[in-house]
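Peer 1: Have a look at this one before I ask anything.
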Amino acid sequence: MSGYTRTGSPLIAERGTDTYLARAFEVCRRIHTGADHLSPQVVDLLPAHKRPYVHALVALGLWADRLADEGEVSERGPALARFRTDILTALADGPNTPVRLPPVQRAMVHTVRAWDMSVPVLEELLTTLEQDSRRPPDFPGFADLRGYMRGTSGTVGELLGTVLEPVREDAPELMSLLGEVLQYIDILHDLPEDLEQGRCYLPRQDLERFGLDADGLIGARGTNAYRELIALQVQRARGLLDRGQEVVDAAHPSSRPFLASMVAGLRTGLDECEYLPTGLPGAPQRTAVPARLSQTRETPVGVLPLVPRLRRRRSSVPSPDPGGPPVTVPEHVAVIMDGNRRWARALGLAAVEGHSAGEEAIYRLVDAAGELGIKYVTTFAFSTENWLRPPEEVSSLFRMFTRGVPGLAGRLHARGVRMRWCGRRDRVEAVLRERLEWAEELTSGNSGVTFTSCLDYGGRQEMVDALKRTAAEALSGRLDPTRMTESGLAEYLYDPDLPDVDLLIRTAGEQRTSNFLPWHTAYAEIVFEDALWPDFDRSHLVRAVNAYAGRRRSFGGTLSEESV
């Protein structure tokens with residue numbers, strides 16, 4: 001085994017071993033924690049010495065999949081071919097891996113050597129992804145789809161099985177089945193987006209069985225035929241999972257808590273696939289999330305999508321620190337999510353990769369807020385001033401927003417979260433506006449955390465727009481400006497129902513409010529957090545809530561006895 005050990009984060013090199021390799025494993029960990037797939041919390045159930053290698057495997061799959069999906073179509077195949085060649089050439093060269101091999105490839109090469117993994121299985125994974133990037137998916141039957149799923153996530157599962165130390169001969173096959181289920185969930189979760197891009201991963205025989213075809217499938221969402229088609233895929237995936245779950249007993253005891261949680265997460269992921277929104281704006285029907293999903297509290301966190309939970313709201317909760325006294329939590333927490341670009345730059349990634357990694361931090365924030373009893377969470381997604389950024393970055397951001405809304409809405413809806421949009425609605429593209437308004441409608445009946453995204457928002461512009469509306473009302477005679485009150489003026493803001501902010505958090509060490517919710521933050525407590533937004537997690541929110549609880553709030557008046 002290698003001379004590396006996990007001591008918190010990042011991976012620490014011992015006795016003069018390669019610090020560049022340690023950094024490579026840290027890059028893999030960050031890529032993994034910034035994504036949706038195999039939940040990092042589940043990886044923490046493994047012994048510490050196994051975790052870096054699991055992060056490397058997941059990062060390999062994520063990075064290769066990203067190369068297959070992003071950029072110009074003509075560039076995807078060559079990019080994956082280079083990625084594949086770098087890894088296989090380094091493995092063939094022996095232990096003297098070039099230091100300047102990119103981080104993900106270098107960590108993976110070390111992982112294959114450290115665990116004596118099957119190079120042909122790794123080659124199968126890379127070859128399948130390269131082929132997928134060069135031609136549109138076309139699977140005549142279920143067996144053909146399974147071949148693809150085996151070549152992608154099934155191979156990752158088999159390689160992962162090596163790290164989990166199998167004790168039975170059938171363990172690699174069983175791990176491969178779990179990988180296939182993960183890929184199936186990914187296919188079903190991303191189906192609307194793939195269809196919009198002209199890609200359909202479902203078997204043609206299944207489409208024909210329900211009188212559908214790939215070209216017409218996007219218009220069939222919400223129909224009975226579409227729902228029956230999805231139900232068939234979920235049924236098949238559950239069959240694979242029923243066989244693959246035996247791997248829990250086929251691995252070393254130290255790996256079984258991880259595997260048990262993974263199986264539970266996959267099962268919940270399949271449940272969610274049945275209850276994802278059936279269509280975008282205009283779809284005739286949307287299926288509600290069943291209570292057994294939205295109210296689960298004890299289910300282990302698993303795989304995409306993360307296990308949903310609906311928390312009871314409380315104004316006072318036990319101390320986040322075990323053994324401490326109860327603390328009063330803020331009702332409304334607002335966050336300026338700063339540091340995405342710096343996070344990406346530190347890892348040598350494009351700025352949009354940082355924004356993508358920051359999306360996962362939103363789920364962590366909302367989940368933690370629900371646990372602590374916070375009722376409202378508001379984030380600063382895009383300011384009126386952000387239009388001044390480079391056009392390429394702005395375009396990439398809005399493409400990401402547009403593609404991401406259905407998945408974001410589905411995952412937050414499954415958590416019982418109500419979504420709101422605060423900002424100007426006249427400058428974003430119609431497709432994004434319709435999807436955001438659809439998300440508001442979809443989640444309008446939820447009673448969990450209210451999550452508000454401030455997109456194309458500027459505090460001063462909100463004030464100007466509010467004054468314009470009040471002036472128009474006064475000129476028409478419908479408003480007497482001499483009788484205007486604070487609460488009356490608040491009715492003309494973008495979201496009149498948004499309550500005052502109790503706690504404002506800004507990440508990445510910056511110490512300014514940047515024109516964010518000036519009306520609502522007039523008496524907010526402010527916490528400046530050094531962590532970059534993609535690294536923000538529950539511990540950072542707990543620290544901010546504790547700081548809030550320790551402050552005395554007088555709102556310009558006299559402190560009460562309780563406050564002193």
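Labels for the structure tokens follow display order: chains A, B, ..., residues from 1 in each chain, ligands from 1.
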Which residues of segment 385-464 of chain A come within 9 Å of segment 350-358 of chain A, and for each one, what is the closest pair of atoms and their distance in Å to one decimal, counting only C-alpha atoms, sorted by chain and residue number, as a tab-separated table?

Peer 2:
```
residue	atom	partner	partner_atom	distance
A:Glu393	CA	A:Val352	CA	6.8
A:Ser396	CA	A:Val352	CA	6.5
A:Leu397	CA	A:Val352	CA	6.4
A:Met400	CA	A:Ser356	CA	7.5
```

Peer 1: Run DSSP on the backbone of this structure and report the residues of segment 57-135 of chain A it assigns to alpha helix (DSSP H), as a PyMOL selection string.

Peer 2: chain A and resi 57-69+73-92+103-114+119-134

Peer 1: Between A:Thr268, A:Thr19, A:Thr521, A:Ser383, which one has atoms that come closest to Tyr457 of chain A, using only C-alpha atoms?

Peer 2: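 Among A:Thr268, A:Thr19, A:Thr521, A:Ser383, it is A:Ser383 that comes nearest to Tyr457 of chain A.
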
Peer 1: Show which residues sit within 9 Å of Asp132 of chain A, as a PyMOL selection string. Count only C-alpha atoms, and ignore same-chain residues fewer than 3 positions away.

Peer 2: chain A and resi 68+77+127-129+135-137+148

Peer 1: With N, CA, C and O atoms kept, could you save the residues just selected as a CSV table (one decimal), in the first residue's frame?

Peer 2:
```csv
chain,number,residue,atom,x,y,z
A,68,ALA,N,-17.3,14.2,-22.0
A,68,ALA,CA,-18.1,13.6,-23.0
A,68,ALA,C,-19.4,14.5,-23.3
A,68,ALA,O,-20.0,14.4,-24.4
A,77,GLY,N,-14.8,13.9,-28.6
A,77,GLY,CA,-14.1,12.6,-28.8
A,77,GLY,C,-12.6,12.7,-28.7
A,77,GLY,O,-11.9,11.9,-27.9
A,127,THR,N,-13.1,3.7,-22.9
A,127,THR,CA,-13.5,3.4,-24.3
A,127,THR,C,-15.0,3.7,-24.5
A,127,THR,O,-15.5,4.3,-25.5
A,128,THR,N,-15.8,3.2,-23.6
A,128,THR,CA,-17.3,3.4,-23.7
A,128,THR,C,-17.6,4.9,-23.7
A,128,THR,O,-18.5,5.3,-24.5
A,129,LEU,N,-17.0,5.6,-22.8
A,129,LEU,CA,-17.3,7.1,-22.7
A,129,LEU,C,-16.8,7.8,-24.0
A,129,LEU,O,-17.5,8.7,-24.5
A,135,ARG,N,-20.9,9.6,-31.0
A,135,ARG,CA,-22.1,9.2,-31.7
A,135,ARG,C,-23.3,9.3,-30.8
A,135,ARG,O,-23.2,9.1,-29.6
A,136,PRO,N,-24.5,9.6,-31.4
A,136,PRO,CA,-25.7,9.7,-30.5
A,136,PRO,C,-26.1,8.3,-30.0
A,136,PRO,O,-25.8,7.3,-30.6
A,137,PRO,N,-26.7,8.3,-28.8
A,137,PRO,CA,-27.1,7.0,-28.2
A,137,PRO,C,-28.2,6.3,-29.0
A,137,PRO,O,-29.1,7.0,-29.5
A,148,TYR,N,-24.3,-0.5,-22.3
A,148,TYR,CA,-23.8,0.9,-22.1
A,148,TYR,C,-23.6,1.2,-20.6
A,148,TYR,O,-22.6,1.7,-20.2
```

Peer 1: Can you pull out the residues contacting Ile374 of chain A? Cut-off 7 Å, using only C-alpha atoms, and skip same-chain residues under 2 positions away; I want them as a PyMOL selection string.

Peer 2: chain A and resi 313+329-332+369-370+372+376

Peer 1: Leaving out Gly348 of chain A and any residue of its chain fewer than 6 positions from it, which residues lie within 10 Å of it when counting only C-alpha atoms, given as a ChimeraX atom specification?

Peer 2: /A:27,102-103,342

Peer 1: Got time to write the residues from that selection, N, CA, C and O atoms, as a compact mmCIF listing (two decimals), in the first residue's frame?

Peer 2:
```txt
# COMPACT_ATOMS: atom_id res chain seq x y z
N VAL A 27 -7.73 17.41 -5.28
CA VAL A 27 -8.55 17.86 -6.40
C VAL A 27 -9.72 16.89 -6.62
O VAL A 27 -10.86 17.30 -6.82
N PRO A 102 -2.12 15.49 -15.45
CA PRO A 102 -3.21 16.23 -14.79
C PRO A 102 -3.71 15.51 -13.54
O PRO A 102 -3.62 14.28 -13.43
N PRO A 103 -4.23 16.27 -12.56
CA PRO A 103 -4.51 15.71 -11.23
C PRO A 103 -5.40 14.47 -11.23
O PRO A 103 -5.10 13.49 -10.55
N ARG A 342 -12.86 31.63 -7.58
CA ARG A 342 -11.57 31.37 -6.92
C ARG A 342 -11.38 29.88 -6.66
O ARG A 342 -10.28 29.35 -6.79
```
